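Student: I have a structure I would like to understand better, so I am pasting it below and will then ask my questions one at a time.
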Amino acid sequence: METIGPLLGKQALSATGAIAPYQVEERQQMKKIEAIIKPFKLDEVKDALSEVGVQGMTVTEVKGFGRTGGKKEVYRGSAYVVDFVPKVKLEIVVPDDIAHQVVDAIEKAAKTGRIGDGKIFLSTIDDAVRIRTGERAEEAI
């Protein structure tokens, strides 16, 4: 009998018509944490993440707006609205068991108490692959 497919605990018909179990791969869940923060808070957040064991992240300069719809500025006596406010987006993939520590560290380090402090989003990651070595899942992060 041959093994078919990546799903856990299921069965399928093989090419010969025999029932074959799917491969069972036990992998720990991972979380992707995306945080949109004020740019001047990046160093504080990076230091806080190092303290909880985060070894890498992706940082992107982004622009956006939330409920406030941007901010009003006065330039040479004329008032205008800046629709898109500059922010920094952090993307971090961590093992599920430290995800809440990472979120707490970002929240505490990025908070100013003012409008526009940002948002944090969590999503589940099914798999990760380190291209150079072929390592998968938690070993790849």
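As shown in the structure tokens, the chain order sets the letters A, B, ...; within each chain, residues go from 1, and ligands are also counted from 1 in the order they appear.
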Extract, using only C-alpha atoms, all DNA, RNA and protein residues at most 12 Å from Lys32 of chain A, discarding same-chain residues fewer than 5 positions from it, and format them as a PDB file with N, CA and C atoms, in the first residue's frame.

Tutor:
```pdb
ATOM      1  N   MET A  57      12.400  39.029  12.313  1.00  0.00           N
ATOM      2  CA  MET A  57      11.145  39.667  11.922  1.00  0.00           C
ATOM      3  C   MET A  57      11.341  40.365  10.596  1.00  0.00           C
ATOM      4  N   THR A  58      10.246  40.680   9.945  1.00  0.00           N
ATOM      5  CA  THR A  58      10.269  41.475   8.724  1.00  0.00           C
ATOM      6  C   THR A  58       9.631  42.819   9.049  1.00  0.00           C
ATOM      7  N   LEU A  90       5.279  45.157  11.240  1.00  0.00           N
ATOM      8  CA  LEU A  90       6.142  44.055  11.649  1.00  0.00           C
ATOM      9  C   LEU A  90       5.442  42.750  11.334  1.00  0.00           C
ATOM     10  N   GLU A  91       6.175  41.790  10.794  1.00  0.00           N
ATOM     11  CA  GLU A  91       5.650  40.449  10.557  1.00  0.00           C
ATOM     12  C   GLU A  91       6.580  39.472  11.255  1.00  0.00           C
ATOM     13  N   ILE A  92       6.003  38.665  12.145  1.00  0.00           N
ATOM     14  CA  ILE A  92       6.782  37.743  12.957  1.00  0.00           C
ATOM     15  C   ILE A  92       6.055  36.408  12.989  1.00  0.00           C
ATOM     16  N   VAL A  93       6.768  35.322  12.742  1.00  0.00           N
ATOM     17  CA  VAL A  93       6.186  33.986  12.864  1.00  0.00           C
ATOM     18  C   VAL A  93       6.861  33.309  14.057  1.00  0.00           C
ATOM     19  N   VAL A  94       6.029  32.837  14.986  1.00  0.00           N
ATOM     20  CA  VAL A  94       6.548  32.234  16.220  1.00  0.00           C
ATOM     21  C   VAL A  94       5.791  30.949  16.535  1.00  0.00           C
ATOM     22  N   PRO A  95       6.391  30.080  17.364  1.00  0.00           N
ATOM     23  CA  PRO A  95       5.640  28.913  17.838  1.00  0.00           C
ATOM     24  C   PRO A  95       4.407  29.371  18.616  1.00  0.00           C
ATOM     25  N   ASP A  96       3.354  28.595  18.526  1.00  0.00           N
ATOM     26  CA  ASP A  96       2.076  28.931  19.149  1.00  0.00           C
ATOM     27  C   ASP A  96       2.213  29.213  20.649  1.00  0.00           C
ATOM     28  N   ILE A  98       4.429  30.723  22.407  1.00  0.00           N
ATOM     29  CA  ILE A  98       4.921  32.028  22.863  1.00  0.00           C
ATOM     30  C   ILE A  98       4.201  33.199  22.187  1.00  0.00           C
ATOM     31  N   ALA A  99       3.195  32.906  21.384  1.00  0.00           N
ATOM     32  CA  ALA A  99       2.507  33.962  20.628  1.00  0.00           C
ATOM     33  C   ALA A  99       1.923  35.040  21.541  1.00  0.00           C
ATOM     34  N   HIS A 100       1.306  34.647  22.639  1.00  0.00           N
ATOM     35  CA  HIS A 100       0.686  35.659  23.506  1.00  0.00           C
ATOM     36  C   HIS A 100       1.737  36.490  24.235  1.00  0.00           C
ATOM     37  N   VAL A 102       4.560  37.361  22.879  1.00  0.00           N
ATOM     38  CA  VAL A 102       5.017  38.274  21.839  1.00  0.00           C
ATOM     39  C   VAL A 102       4.011  39.415  21.667  1.00  0.00           C
ATOM     40  N   VAL A 103       2.727  39.082  21.629  1.00  0.00           N
ATOM     41  CA  VAL A 103       1.688  40.110  21.500  1.00  0.00           C
ATOM     42  C   VAL A 103       1.744  41.070  22.687  1.00  0.00           C
ATOM     43  N   ILE A 120      -2.603  44.928  16.234  1.00  0.00           N
ATOM     44  CA  ILE A 120      -1.878  43.660  16.188  1.00  0.00           C
ATOM     45  C   ILE A 120      -2.852  42.601  15.697  1.00  0.00           C
ATOM     46  N   PHE A 121      -2.422  41.814  14.716  1.00  0.00           N
ATOM     47  CA  PHE A 121      -3.241  40.749  14.146  1.00  0.00           C
ATOM     48  C   PHE A 121      -2.516  39.416  14.295  1.00  0.00           C
ATOM     49  N   LEU A 122      -3.265  38.358  14.628  1.00  0.00           N
ATOM     50  CA  LEU A 122      -2.708  37.008  14.717  1.00  0.00           C
ATOM     51  C   LEU A 122      -3.386  36.117  13.696  1.00  0.00           C
ATOM     52  N   SER A 123      -2.603  35.292  13.023  1.00  0.00           N
ATOM     53  CA  SER A 123      -3.161  34.275  12.131  1.00  0.00           C
ATOM     54  C   SER A 123      -2.386  32.986  12.305  1.00  0.00           C
ATOM     55  N   THR A 124      -3.037  31.890  11.955  1.00  0.00           N
ATOM     56  CA  THR A 124      -2.410  30.579  12.068  1.00  0.00           C
ATOM     57  C   THR A 124      -1.610  30.290  10.808  1.00  0.00           C
ATOM     58  N   ILE A 125      -0.427  29.765  10.998  1.00  0.00           N
ATOM     59  CA  ILE A 125       0.449  29.368   9.889  1.00  0.00           C
ATOM     60  C   ILE A 125       0.490  27.846   9.861  1.00  0.00           C
ATOM     61  N   ASP A 126       0.186  27.273   8.708  1.00  0.00           N
ATOM     62  CA  ASP A 126       0.171  25.819   8.571  1.00  0.00           C
ATOM     63  C   ASP A 126       1.570  25.234   8.441  1.00  0.00           C
ATOM     64  N   ASP A 127       2.452  25.926   7.744  1.00  0.00           N
ATOM     65  CA  ASP A 127       3.777  25.383   7.511  1.00  0.00           C
ATOM     66  C   ASP A 127       4.727  26.504   7.150  1.00  0.00           C
ATOM     67  N   ALA A 128       6.012  26.244   7.271  1.00  0.00           N
ATOM     68  CA  ALA A 128       7.057  27.175   6.862  1.00  0.00           C
ATOM     69  C   ALA A 128       8.212  26.339   6.330  1.00  0.00           C
ATOM     70  N   ILE A 141      11.656  28.507  11.321  1.00  0.00           N
ATOM     71  CA  ILE A 141      11.537  29.878  11.828  1.00  0.00           C
ATOM     72  C   ILE A 141      12.605  30.113  12.854  1.00  0.00           C
TER      73      ILE A 141
END
```

Student: Taking into account only C-alpha atoms, which residue in the set A:Ala105, A:Gly134, A:Met30, A:Thr112 is nearest to Glu51 of chain A?

Tutor: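 Using only C-alpha atoms, the shortest distance to Glu51 of chain A belongs to A:Ala105.
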
Student: Report as a PyMOL selection string all protein, DNA and RNA residues lying within 12 Å of Arg114 of chain A, evaluated on only C-alpha atoms, omitting residues in the same chain fewer than 3 positions from it.

Tutor: chain A and resi 37-38+68+110-111+117-118

Student: Mind dumping the selected residues with C-alpha atoms as a PDB file, in the first residue's frame?

Tutor:
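Resulting contents of result-v4.pdb:
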```pdb
ATOM      1  CA  ILE A  37       2.935  50.597  14.935  1.00  0.00           C
ATOM      2  CA  LYS A  38       4.232  54.160  15.029  1.00  0.00           C
ATOM      3  CA  THR A  68      -9.647  59.011  12.426  1.00  0.00           C
ATOM      4  CA  ALA A 110       4.300  50.278  21.252  1.00  0.00           C
ATOM      5  CA  LYS A 111       1.682  51.910  23.472  1.00  0.00           C
ATOM      6  CA  ASP A 117      -0.869  53.501  18.401  1.00  0.00           C
ATOM      7  CA  GLY A 118      -1.665  50.737  15.923  1.00  0.00           C
TER       8      GLY A 118
END
```

Student: Can you list, as an NGL selection string, all residues belonging to segment 38-78 of chain A that DSSP tags as alpha helix (DSSP H)?

Tutor: :A and (42-51)

Student: Report the distance between atom CA of Val62 of chain A and atom CA of Ile106 of chain A in Å, rounded to one decimal place.

Tutor: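 About the pair atom CA of Val62 of chain A and atom CA of Ile106 of chain A: they are 17.5 Å apart.
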
Student: Rounded to one decimal place, report the atom CA of Arg136 of chain A-atom CA of Thr60 of chain A distance in Å.

Tutor: 24.6 Å

Student: So, counting only C-alpha atoms, which residue among A:Lys46, A:Asp97, A:Gly53, A:Asp83 is closest to Arg67 of chain A?

Tutor: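 That would be A:Asp83, the residue with the smallest distance to Arg67 of chain A.
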